[in-house]
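Okay, entry.cif now, which holds mmCIF, C-alpha atoms; chains and numbers go by the auth columns:
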```cif
data_protein
loop_
_atom_site.group_PDB
_atom_site.id
_atom_site.type_symbol
_atom_site.label_atom_id
_atom_site.label_comp_id
_atom_site.label_asym_id
_atom_site.label_seq_id
_atom_site.Cartn_x
_atom_site.Cartn_y
_atom_site.Cartn_z
_atom_site.B_iso_or_equiv
_atom_site.auth_seq_id
_atom_site.auth_asym_id
ATOM 1 C CA MET A 1 47.020 51.359 91.950 0.00 1 Y
ATOM 2 C CA TYR A 2 50.262 49.772 90.676 0.00 2 Y
ATOM 3 C CA VAL A 3 52.850 50.870 88.109 0.00 3 Y
ATOM 4 C CA ASP A 4 55.178 48.491 86.271 0.00 4 Y
ATOM 5 C CA SER A 5 58.246 50.703 86.006 0.00 5 Y
ATOM 6 C CA HIS A 6 60.179 48.398 83.646 0.00 6 Y
ATOM 7 C CA CYS A 7 58.837 45.994 81.021 0.00 7 Y
ATOM 8 C CA HIS A 8 59.723 44.882 77.497 0.00 8 Y
ATOM 9 C CA LEU A 9 56.380 44.808 75.693 0.00 9 Y
ATOM 10 C CA SER A 10 57.701 45.542 72.200 0.00 10 Y
ATOM 11 C CA MET A 11 58.806 41.958 71.667 0.00 11 Y
ATOM 12 C CA ALA A 12 57.053 40.310 68.722 0.00 12 Y
ATOM 13 C CA ASP A 13 55.396 37.607 70.830 0.00 13 Y
ATOM 14 C CA PHE A 14 53.522 40.265 72.800 0.00 14 Y
ATOM 15 C CA ALA A 15 51.972 42.091 69.830 0.00 15 Y
ATOM 16 C CA PRO A 16 49.035 39.707 69.152 0.00 16 Y
ATOM 17 C CA ARG A 17 48.453 39.352 72.895 0.00 17 Y
ATOM 18 C CA MET A 18 48.325 43.067 73.700 0.00 18 Y
ATOM 19 C CA PRO A 19 44.543 43.193 74.289 0.00 19 Y
ATOM 20 C CA ASP A 20 44.825 40.303 76.747 0.00 20 Y
ATOM 21 C CA ILE A 21 47.899 41.814 78.426 0.00 21 Y
ATOM 22 C CA ARG A 22 46.101 45.111 78.912 0.00 22 Y
ATOM 23 C CA ALA A 23 42.954 43.413 80.160 0.00 23 Y
ATOM 24 C CA ALA A 24 45.022 41.466 82.698 0.00 24 Y
ATOM 25 C CA MET A 25 46.661 44.706 83.811 0.00 25 Y
ATOM 26 C CA ALA A 26 43.273 46.302 84.410 0.00 26 Y
ATOM 27 C CA GLN A 27 42.067 43.255 86.325 0.00 27 Y
ATOM 28 C CA ALA A 28 45.179 43.407 88.545 0.00 28 Y
ATOM 29 C CA GLN A 29 44.873 47.187 89.049 0.00 29 Y
ATOM 30 C CA VAL A 30 48.143 47.852 87.215 0.00 30 Y
ATOM 31 C CA ASP A 31 47.237 51.126 85.592 0.00 31 Y
ATOM 32 C CA ARG A 32 50.537 52.254 84.012 0.00 32 Y
ATOM 33 C CA ALA A 33 53.770 50.852 82.565 0.00 33 Y
ATOM 34 C CA LEU A 34 57.111 52.095 81.263 0.00 34 Y
ATOM 35 C CA VAL A 35 58.113 50.205 78.114 0.00 35 Y
ATOM 36 C CA ILE A 36 61.888 49.923 77.884 0.00 36 Y
ATOM 37 C CA CYS A 37 64.051 50.248 74.780 0.00 37 Y
ATOM 38 C CA THR A 38 67.200 48.100 74.431 0.00 38 Y
ATOM 39 C CA THR A 39 68.347 48.848 70.859 0.00 39 Y
ATOM 40 C CA LEU A 40 68.000 51.685 68.391 0.00 40 Y
ATOM 41 C CA GLU A 41 66.419 49.196 65.998 0.00 41 Y
ATOM 42 C CA GLU A 42 63.709 48.493 68.577 0.00 42 Y
ATOM 43 C CA PHE A 43 62.887 52.100 69.403 0.00 43 Y
ATOM 44 C CA ASP A 44 60.092 52.611 66.873 0.00 44 Y
ATOM 45 C CA ALA A 45 58.176 49.610 68.222 0.00 45 Y
ATOM 46 C CA VAL A 46 58.648 50.757 71.824 0.00 46 Y
ATOM 47 C CA HIS A 47 57.629 54.302 71.007 0.00 47 Y
ATOM 48 C CA ALA A 48 54.578 53.146 69.044 0.00 48 Y
ATOM 49 C CA LEU A 49 53.179 51.472 72.162 0.00 49 Y
ATOM 50 C CA ALA A 50 53.553 54.687 74.155 0.00 50 Y
ATOM 51 C CA LEU A 51 51.862 56.682 71.409 0.00 51 Y
ATOM 52 C CA GLN A 52 49.024 54.190 71.025 0.00 52 Y
ATOM 53 C CA TYR A 53 48.170 53.715 74.701 0.00 53 Y
ATOM 54 C CA ASP A 54 47.779 56.628 77.089 0.00 54 Y
ATOM 55 C CA ASN A 55 48.967 54.617 80.116 0.00 55 Y
ATOM 56 C CA PHE A 56 52.242 53.470 78.520 0.00 56 Y
ATOM 57 C CA TRP A 57 55.449 55.515 78.342 0.00 57 Y
ATOM 58 C CA ALA A 58 58.764 54.788 76.611 0.00 58 Y
ATOM 59 C CA SER A 59 62.496 55.001 77.154 0.00 59 Y
ATOM 60 C CA ALA A 60 65.280 55.438 74.589 0.00 60 Y
ATOM 61 C CA GLY A 61 68.572 53.608 74.883 0.00 61 Y
ATOM 62 C CA VAL A 62 70.815 50.665 74.079 0.00 62 Y
ATOM 63 C CA HIS A 63 71.369 47.858 76.570 0.00 63 Y
ATOM 64 C CA PRO A 64 75.001 47.450 77.664 0.00 64 Y
ATOM 65 C CA ASP A 65 75.076 43.796 76.609 0.00 65 Y
ATOM 66 C CA THR A 66 73.974 44.510 73.016 0.00 66 Y
ATOM 67 C CA GLU A 67 76.632 43.982 70.340 0.00 67 Y
ATOM 68 C CA GLY A 68 76.602 43.899 66.566 0.00 68 Y
ATOM 69 C CA LEU A 69 73.844 46.472 66.158 0.00 69 Y
ATOM 70 C CA ARG A 70 73.869 50.233 65.633 0.00 70 Y
ATOM 71 C CA GLU A 71 75.886 52.083 68.249 0.00 71 Y
ATOM 72 C CA PRO A 72 74.030 55.037 69.812 0.00 72 Y
ATOM 73 C CA SER A 73 75.543 58.474 69.445 0.00 73 Y
ATOM 74 C CA TYR A 74 74.847 61.405 71.723 0.00 74 Y
ATOM 75 C CA GLU A 75 72.855 62.937 68.859 0.00 75 Y
ATOM 76 C CA ASP A 76 70.770 59.751 68.482 0.00 76 Y
ATOM 77 C CA LEU A 77 69.838 59.755 72.150 0.00 77 Y
ATOM 78 C CA MET A 78 69.106 63.466 72.163 0.00 78 Y
ATOM 79 C CA ASP A 79 66.758 63.015 69.207 0.00 79 Y
ATOM 80 C CA LEU A 80 64.920 59.939 70.503 0.00 80 Y
ATOM 81 C CA GLY A 81 64.872 61.165 74.086 0.00 81 Y
ATOM 82 C CA SER A 82 63.147 64.390 73.002 0.00 82 Y
ATOM 83 C CA ARG A 83 60.186 62.660 71.398 0.00 83 Y
ATOM 84 C CA PRO A 84 56.693 62.672 72.918 0.00 84 Y
ATOM 85 C CA ARG A 85 56.069 60.244 75.788 0.00 85 Y
ATOM 86 C CA VAL A 86 59.757 59.311 76.089 0.00 86 Y
ATOM 87 C CA VAL A 87 60.435 59.837 79.785 0.00 87 Y
ATOM 88 C CA ALA A 88 63.817 58.137 80.363 0.00 88 Y
ATOM 89 C CA ILE A 89 67.177 57.275 78.832 0.00 89 Y
ATOM 90 C CA GLY A 90 68.171 53.629 78.921 0.00 90 Y
ATOM 91 C CA GLU A 91 68.278 50.894 79.659 0.00 91 Y
ATOM 92 C CA THR A 92 71.966 51.592 80.015 0.00 92 Y
ATOM 93 C CA GLY A 93 74.842 50.719 82.313 0.00 93 Y
ATOM 94 C CA LEU A 94 77.466 47.985 82.422 0.00 94 Y
ATOM 95 C CA ASP A 95 77.350 44.194 82.186 0.00 95 Y
ATOM 96 C CA TYR A 96 80.495 42.158 82.729 0.00 96 Y
ATOM 97 C CA TYR A 97 78.664 38.870 83.353 0.00 97 Y
ATOM 98 C CA ARG A 98 79.454 37.366 79.934 0.00 98 Y
ATOM 99 C CA LEU A 99 82.952 38.461 79.034 0.00 99 Y
ATOM 100 C CA ASN A 100 83.388 35.533 76.606 0.00 100 Y
ATOM 101 C CA GLY A 101 87.122 35.386 77.124 0.00 101 Y
ATOM 102 C CA ARG A 102 87.619 39.149 77.224 0.00 102 Y
ATOM 103 C CA SER A 103 88.996 41.157 80.109 0.00 103 Y
ATOM 104 C CA ILE A 104 87.244 44.002 81.875 0.00 104 Y
ATOM 105 C CA GLU A 105 89.721 46.306 80.171 0.00 105 Y
ATOM 106 C CA ASP A 106 88.378 45.037 76.834 0.00 106 Y
ATOM 107 C CA MET A 107 84.933 46.336 77.755 0.00 107 Y
ATOM 108 C CA ALA A 108 85.904 49.991 77.308 0.00 108 Y
ATOM 109 C CA TRP A 109 83.269 50.245 74.562 0.00 109 Y
ATOM 110 C CA GLN A 110 80.569 49.514 77.150 0.00 110 Y
ATOM 111 C CA ARG A 111 81.883 52.206 79.462 0.00 111 Y
ATOM 112 C CA GLU A 112 81.955 54.769 76.661 0.00 112 Y
ATOM 113 C CA ARG A 113 78.403 53.826 75.634 0.00 113 Y
ATOM 114 C CA PHE A 114 77.293 54.309 79.236 0.00 114 Y
ATOM 115 C CA ARG A 115 78.895 57.756 79.382 0.00 115 Y
ATOM 116 C CA THR A 116 77.111 58.735 76.166 0.00 116 Y
ATOM 117 C CA HIS A 117 73.760 57.841 77.731 0.00 117 Y
ATOM 118 C CA ILE A 118 74.555 59.738 80.927 0.00 118 Y
ATOM 119 C CA ARG A 119 75.516 62.877 79.026 0.00 119 Y
ATOM 120 C CA ALA A 120 72.361 62.812 76.906 0.00 120 Y
ATOM 121 C CA ALA A 121 70.197 62.265 79.996 0.00 121 Y
ATOM 122 C CA ARG A 122 71.834 65.199 81.779 0.00 122 Y
ATOM 123 C CA THR A 123 71.284 67.498 78.823 0.00 123 Y
ATOM 124 C CA LEU A 124 67.674 66.393 78.440 0.00 124 Y
ATOM 125 C CA GLY A 125 67.027 66.499 82.180 0.00 125 Y
ATOM 126 C CA LYS A 126 65.626 62.977 82.065 0.00 126 Y
ATOM 127 C CA PRO A 127 66.314 60.038 84.392 0.00 127 Y
ATOM 128 C CA LEU A 128 68.504 57.068 83.551 0.00 128 Y
ATOM 129 C CA VAL A 129 67.372 53.452 83.708 0.00 129 Y
ATOM 130 C CA ILE A 130 70.466 51.646 84.981 0.00 130 Y
ATOM 131 C CA HIS A 131 71.344 47.996 84.342 0.00 131 Y
ATOM 132 C CA THR A 132 74.383 46.704 86.197 0.00 132 Y
ATOM 133 C CA ARG A 133 75.552 43.103 86.412 0.00 133 Y
ATOM 134 C CA SER A 134 78.934 42.008 87.761 0.00 134 Y
ATOM 135 C CA ALA A 135 80.033 45.617 87.234 0.00 135 Y
ATOM 136 C CA SER A 136 78.754 47.660 90.160 0.00 136 Y
ATOM 137 C CA ASP A 137 82.102 49.272 91.050 0.00 137 Y
ATOM 138 C CA ASP A 138 82.583 50.673 87.547 0.00 138 Y
ATOM 139 C CA THR A 139 78.895 51.602 87.234 0.00 139 Y
ATOM 140 C CA LEU A 140 79.039 53.697 90.392 0.00 140 Y
ATOM 141 C CA ALA A 141 82.446 55.172 89.559 0.00 141 Y
ATOM 142 C CA ILE A 142 81.282 56.387 86.150 0.00 142 Y
ATOM 143 C CA LEU A 143 78.110 57.885 87.610 0.00 143 Y
ATOM 144 C CA ARG A 144 80.231 59.770 90.140 0.00 144 Y
ATOM 145 C CA GLU A 145 82.667 60.972 87.486 0.00 145 Y
ATOM 146 C CA GLU A 146 79.903 62.119 85.147 0.00 146 Y
ATOM 147 C CA GLY A 147 78.174 63.883 88.016 0.00 147 Y
ATOM 148 C CA ALA A 148 81.195 65.899 89.032 0.00 148 Y
ATOM 149 C CA GLY A 149 80.839 68.656 86.425 0.00 149 Y
ATOM 150 C CA PRO A 150 78.468 71.609 86.238 0.00 150 Y
ATOM 151 C CA GLY A 151 74.778 71.113 85.640 0.00 151 Y
ATOM 152 C CA GLU A 152 72.289 68.549 86.858 0.00 152 Y
ATOM 153 C CA ALA A 153 73.827 65.365 88.280 0.00 153 Y
ATOM 154 C CA PRO A 154 72.692 62.028 86.823 0.00 154 Y
ATOM 155 C CA ARG A 155 69.551 60.619 88.408 0.00 155 Y
ATOM 156 C CA GLY A 156 67.274 57.680 87.765 0.00 156 Y
ATOM 157 C CA VAL A 157 66.775 54.107 88.894 0.00 157 Y
ATOM 158 C CA PHE A 158 68.865 50.990 89.374 0.00 158 Y
ATOM 159 C CA HIS A 159 66.402 48.563 87.821 0.00 159 Y
ATOM 160 C CA CYS A 160 65.887 44.895 88.737 0.00 160 Y
ATOM 161 C CA PHE A 161 68.180 45.374 91.707 0.00 161 Y
ATOM 162 C CA THR A 162 70.153 42.284 92.749 0.00 162 Y
ATOM 163 C CA GLU A 163 73.291 43.842 94.220 0.00 163 Y
ATOM 164 C CA THR A 164 74.554 44.108 97.793 0.00 164 Y
ATOM 165 C CA ALA A 165 73.502 46.477 100.550 0.00 165 Y
ATOM 166 C CA GLU A 166 76.694 48.464 99.954 0.00 166 Y
ATOM 167 C CA VAL A 167 75.791 49.028 96.309 0.00 167 Y
ATOM 168 C CA ALA A 168 72.255 50.018 97.295 0.00 168 Y
ATOM 169 C CA ARG A 169 73.580 52.578 99.783 0.00 169 Y
ATOM 170 C CA ALA A 170 75.941 54.010 97.185 0.00 170 Y
ATOM 171 C CA ALA A 171 73.138 54.278 94.607 0.00 171 Y
ATOM 172 C CA LEU A 172 70.879 55.987 97.139 0.00 172 Y
ATOM 173 C CA ASP A 173 73.696 58.374 98.093 0.00 173 Y
ATOM 174 C CA LEU A 174 73.915 59.372 94.423 0.00 174 Y
ATOM 175 C CA GLY A 175 70.202 60.173 94.449 0.00 175 Y
ATOM 176 C CA PHE A 176 69.001 57.113 92.552 0.00 176 Y
ATOM 177 C CA HIS A 177 65.899 55.026 93.143 0.00 177 Y
ATOM 178 C CA ILE A 178 65.989 51.245 93.597 0.00 178 Y
ATOM 179 C CA SER A 179 63.553 49.014 91.701 0.00 179 Y
ATOM 180 C CA PHE A 180 62.763 45.441 92.701 0.00 180 Y
ATOM 181 C CA SER A 181 61.453 42.718 90.405 0.00 181 Y
ATOM 182 C CA GLY A 182 60.017 39.244 90.826 0.00 182 Y
ATOM 183 C CA ILE A 183 63.447 38.040 91.936 0.00 183 Y
ATOM 184 C CA LEU A 184 62.468 39.404 95.340 0.00 184 Y
ATOM 185 C CA THR A 185 59.972 36.533 95.668 0.00 185 Y
ATOM 186 C CA PHE A 186 62.458 33.760 94.827 0.00 186 Y
ATOM 187 C CA ARG A 187 63.331 31.293 97.576 0.00 187 Y
ATOM 188 C CA ASN A 188 67.078 31.947 97.275 0.00 188 Y
ATOM 189 C CA ALA A 189 66.747 35.768 97.462 0.00 189 Y
ATOM 190 C CA GLN A 190 66.908 36.209 101.228 0.00 190 Y
ATOM 191 C CA ASP A 191 69.897 38.563 101.058 0.00 191 Y
ATOM 192 C CA LEU A 192 68.047 40.715 98.519 0.00 192 Y
ATOM 193 C CA ARG A 193 64.976 40.791 100.741 0.00 193 Y
ATOM 194 C CA GLU A 194 67.139 42.120 103.560 0.00 194 Y
ATOM 195 C CA VAL A 195 68.283 44.934 101.280 0.00 195 Y
ATOM 196 C CA ALA A 196 64.707 45.707 100.256 0.00 196 Y
ATOM 197 C CA ARG A 197 63.617 45.818 103.885 0.00 197 Y
ATOM 198 C CA TRP A 198 65.601 49.011 104.612 0.00 198 Y
ATOM 199 C CA VAL A 199 65.505 50.870 101.270 0.00 199 Y
ATOM 200 C CA PRO A 200 63.547 54.077 102.036 0.00 200 Y
ATOM 201 C CA MET A 201 59.941 54.034 100.884 0.00 201 Y
ATOM 202 C CA ASP A 202 60.357 57.261 98.935 0.00 202 Y
ATOM 203 C CA ARG A 203 63.085 55.688 96.780 0.00 203 Y
ATOM 204 C CA LEU A 204 61.339 52.404 95.908 0.00 204 Y
ATOM 205 C CA LEU A 205 59.980 51.275 92.550 0.00 205 Y
ATOM 206 C CA ILE A 206 58.496 47.953 91.455 0.00 206 Y
ATOM 207 C CA GLU A 207 58.753 46.249 88.080 0.00 207 Y
ATOM 208 C CA THR A 208 58.308 42.992 86.204 0.00 208 Y
ATOM 209 C CA ASP A 209 61.127 43.177 83.617 0.00 209 Y
ATOM 210 C CA SER A 210 58.634 41.125 81.605 0.00 210 Y
ATOM 211 C CA PRO A 211 58.782 38.786 79.793 0.00 211 Y
ATOM 212 C CA TYR A 212 61.573 37.718 82.153 0.00 212 Y
ATOM 213 C CA LEU A 213 61.721 36.864 85.872 0.00 213 Y
ATOM 214 C CA ALA A 214 58.093 36.071 86.610 0.00 214 Y
ATOM 215 C CA PRO A 215 57.468 36.204 90.361 0.00 215 Y
ATOM 216 C CA VAL A 216 56.308 33.333 92.509 0.00 216 Y
ATOM 217 C CA PRO A 217 53.738 31.762 91.929 0.00 217 Y
ATOM 218 C CA PHE A 218 54.355 32.223 88.179 0.00 218 Y
ATOM 219 C CA ARG A 219 58.092 31.514 88.185 0.00 219 Y
ATOM 220 C CA GLY A 220 59.202 29.879 84.949 0.00 220 Y
ATOM 221 C CA LYS A 221 56.285 31.322 82.968 0.00 221 Y
ATOM 222 C CA VAL A 222 56.203 34.350 80.678 0.00 222 Y
ATOM 223 C CA ASN A 223 56.076 37.449 82.853 0.00 223 Y
ATOM 224 C CA GLN A 224 53.673 40.351 82.247 0.00 224 Y
ATOM 225 C CA PRO A 225 52.819 43.684 83.909 0.00 225 Y
ATOM 226 C CA ALA A 226 49.758 42.173 85.618 0.00 226 Y
ATOM 227 C CA TYR A 227 52.142 40.260 87.890 0.00 227 Y
ATOM 228 C CA VAL A 228 53.747 43.332 89.475 0.00 228 Y
ATOM 229 C CA PRO A 229 51.340 43.258 92.477 0.00 229 Y
ATOM 230 C CA HIS A 230 53.138 40.084 93.594 0.00 230 Y
ATOM 231 C CA VAL A 231 56.339 42.131 93.913 0.00 231 Y
ATOM 232 C CA ALA A 232 54.376 44.733 95.868 0.00 232 Y
ATOM 233 C CA ALA A 233 52.993 42.036 98.176 0.00 233 Y
ATOM 234 C CA GLN A 234 56.497 40.764 98.951 0.00 234 Y
ATOM 235 C CA LEU A 235 57.692 44.285 99.672 0.00 235 Y
ATOM 236 C CA ALA A 236 54.668 44.895 101.876 0.00 236 Y
ATOM 237 C CA GLU A 237 55.522 41.837 103.955 0.00 237 Y
ATOM 238 C CA LEU A 238 59.079 43.113 104.405 0.00 238 Y
ATOM 239 C CA LYS A 239 57.946 46.651 105.251 0.00 239 Y
ATOM 240 C CA GLY A 240 55.090 45.662 107.535 0.00 240 Y
ATOM 241 C CA CYS A 241 52.441 47.477 105.525 0.00 241 Y
ATOM 242 C CA SER A 242 49.763 46.646 102.959 0.00 242 Y
ATOM 243 C CA ALA A 243 50.380 45.907 99.296 0.00 243 Y
ATOM 244 C CA GLU A 244 48.046 48.815 98.564 0.00 244 Y
ATOM 245 C CA GLU A 245 50.395 51.136 100.459 0.00 245 Y
ATOM 246 C CA ILE A 246 53.356 49.872 98.415 0.00 246 Y
ATOM 247 C CA GLY A 247 51.301 50.470 95.281 0.00 247 Y
ATOM 248 C CA ARG A 248 50.473 54.017 96.329 0.00 248 Y
ATOM 249 C CA VAL A 249 54.023 54.949 97.329 0.00 249 Y
ATOM 250 C CA THR A 250 55.746 53.393 94.312 0.00 250 Y
ATOM 251 C CA SER A 251 53.212 55.041 91.994 0.00 251 Y
ATOM 252 C CA GLU A 252 53.975 58.429 93.532 0.00 252 Y
ATOM 253 C CA ASN A 253 57.708 57.744 93.234 0.00 253 Y
ATOM 254 C CA PHE A 254 57.249 56.818 89.563 0.00 254 Y
ATOM 255 C CA GLU A 255 55.337 60.032 88.883 0.00 255 Y
ATOM 256 C CA ARG A 256 57.962 62.149 90.582 0.00 256 Y
ATOM 257 C CA LEU A 257 61.000 60.492 89.009 0.00 257 Y
ATOM 258 C CA PHE A 258 59.711 60.275 85.435 0.00 258 Y
ATOM 259 C CA GLY A 259 57.617 63.446 85.421 0.00 259 Y
ATOM 260 C CA VAL A 260 54.417 61.547 84.740 0.00 260 Y
ATOM 261 C CA ALA A 261 51.157 63.072 85.968 0.00 261 Y
ATOM 262 C CA ALA A 262 48.843 61.028 88.181 0.00 262 Y
#
```

Let me see the structure of the file written as structure tokens.
Amino acid sequence: MYVDSHCHLSMADFAPRMPDIRAAMAQAQVDRALVICTTLEEFDAVHALALQYDNFWASAGVHPDTEGLREPSYEDLMDLGSRPRVVAIGETGLDYYRLNGRSIEDMAWQRERFRTHIRAARTLGKPLVIHTRSASDDTLAILREEGAGPGEAPRGVFHCFTETAEVARAALDLGFHISFSGILTFRNAQDLREVARWVPMDRLLIETDSPYLAPVPFRGKVNQPAYVPHVAAQLAELKGCSAEEIGRVTSENFERLFGVAA
């Protein structure tokens, strides 16, 4: 009934718990999950989960906030993105939240990395998983610039959305989906709930971003895909429908965006 469109299950702490995590998913009617890659070094572990379990899929990419590890080339992303059960490129984007004394101009390496991901995704015809934090203007500008040439424009999802209504409208105008996480259930997230209220149903996704950002009533605990129905329930309250309807619609959106069969 529900799909967790963004989780980080390749982390070492999850490995011995995988039978319990999957059992909890089944109990909560969470029947599929997209396992997200954040470094090239992590890819094999992410991909192994997608190969081992027929209801997991994988992405290929390097998080914008990752430094000191192998930098992804276009050729790297083309190779990894072409492998079986890899349905997206990312997580990619821009993150200016921790500049650590640097200027935005100093973050040119992040912008070039983002462009590399966009170009590989366009060539492969696969969606992007976008992370943006304190960088929405540049994120949108680069997506527009990279979409101006011939061929298929970039598409995908702005994951764990926490930006303003204006950013949401711009992302939707570019053809992207918007994914909401457990943050939507937090007491101080009223502005975000107002954004979620009007995002079109056919452009919605839900996620956990586990092990981070567990929704109420599990806030502060380790998150897991079985908790994604709590995000659906919050969305249902905002939309005036049932959680089951949110589950159905977001599952269909997931299938359509990532090319995953029902």

To verify the selection step, state as a PDB file with C-alpha atoms, keeping the file's coordinate frame which residues the PyMOL selection byres ((chain Y and resi 174) around 10) yields on this input.
```pdb
ATOM      1  CA  LEU Y 140      79.039  53.697  90.392  1.00  0.00           C
ATOM      2  CA  LEU Y 143      78.110  57.885  87.610  1.00  0.00           C
ATOM      3  CA  ARG Y 144      80.231  59.770  90.140  1.00  0.00           C
ATOM      4  CA  GLY Y 147      78.174  63.883  88.016  1.00  0.00           C
ATOM      5  CA  ALA Y 153      73.827  65.365  88.280  1.00  0.00           C
ATOM      6  CA  PRO Y 154      72.692  62.028  86.823  1.00  0.00           C
ATOM      7  CA  ARG Y 155      69.551  60.619  88.408  1.00  0.00           C
ATOM      8  CA  GLY Y 156      67.274  57.680  87.765  1.00  0.00           C
ATOM      9  CA  ALA Y 168      72.255  50.018  97.295  1.00  0.00           C
ATOM     10  CA  ARG Y 169      73.580  52.578  99.783  1.00  0.00           C
ATOM     11  CA  ALA Y 170      75.941  54.010  97.185  1.00  0.00           C
ATOM     12  CA  ALA Y 171      73.138  54.278  94.607  1.00  0.00           C
ATOM     13  CA  LEU Y 172      70.879  55.987  97.139  1.00  0.00           C
ATOM     14  CA  ASP Y 173      73.696  58.374  98.093  1.00  0.00           C
ATOM     15  CA  GLY Y 175      70.202  60.173  94.449  1.00  0.00           C
ATOM     16  CA  PHE Y 176      69.001  57.113  92.552  1.00  0.00           C
ATOM     17  CA  HIS Y 177      65.899  55.026  93.143  1.00  0.00           C
TER      18      HIS Y 177
END
```

Give me, as a tab-separated table, each residue of segment 120-166 of chain Y that comes within 12 Å of segment 36-48 of chain Y, together with its shortest interatomic pair and the distance in Å at one decimal, counting only C-alpha atoms, with rows ordered by chain and rising residue number.
```
residue	atom	partner	partner_atom	distance
Y:Leu128	CA	Y:Ile36	CA	11.3
Y:Val129	CA	Y:Ile36	CA	8.7
Y:Ile130	CA	Y:Ile36	CA	11.3
Y:His131	CA	Y:Thr38	CA	10.7
Y:His159	CA	Y:Ile36	CA	11.0
```

Since we have the selection now, will you write its residues out, keeping C-alpha atoms, as a compact mmCIF listing (two decimals), in the coordinates of the input?
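Saved file part_25.txt follows:
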```
# COMPACT_ATOMS: atom_id res chain seq x y z
CA LEU Y 128 68.50 57.07 83.55
CA VAL Y 129 67.37 53.45 83.71
CA ILE Y 130 70.47 51.65 84.98
CA HIS Y 131 71.34 48.00 84.34
CA HIS Y 159 66.40 48.56 87.82
```

Check your understanding: When the PyMOL selection byres ((chain Y and resi 227-239) around 10) is applied to the file above, which residues end up in the set, as a PyMOL selection string?
Key -> chain Y and resi 1-5+24-25+28-30+180-185+193-201+204-210+214-218+223-226+240-247+250

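The shortest atom-to-atom distance to Ala33 of chain Y, with all atoms listed in the file taken into account, belongs to Y:His6 out of Y:Arg219, Y:Arg70, Y:His6, Y:Arg119.
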
Put the listed atoms of segment 134-141 of chain Y in a box along x, y and z with 6 Å added on every side and give me the centre and edge lengths in Å to one decimal, as JSON.
```
{"center_x": 80.7, "center_y": 48.6, "center_z": 89.1, "size_x": 15.8, "size_y": 25.2, "size_z": 15.8}
```
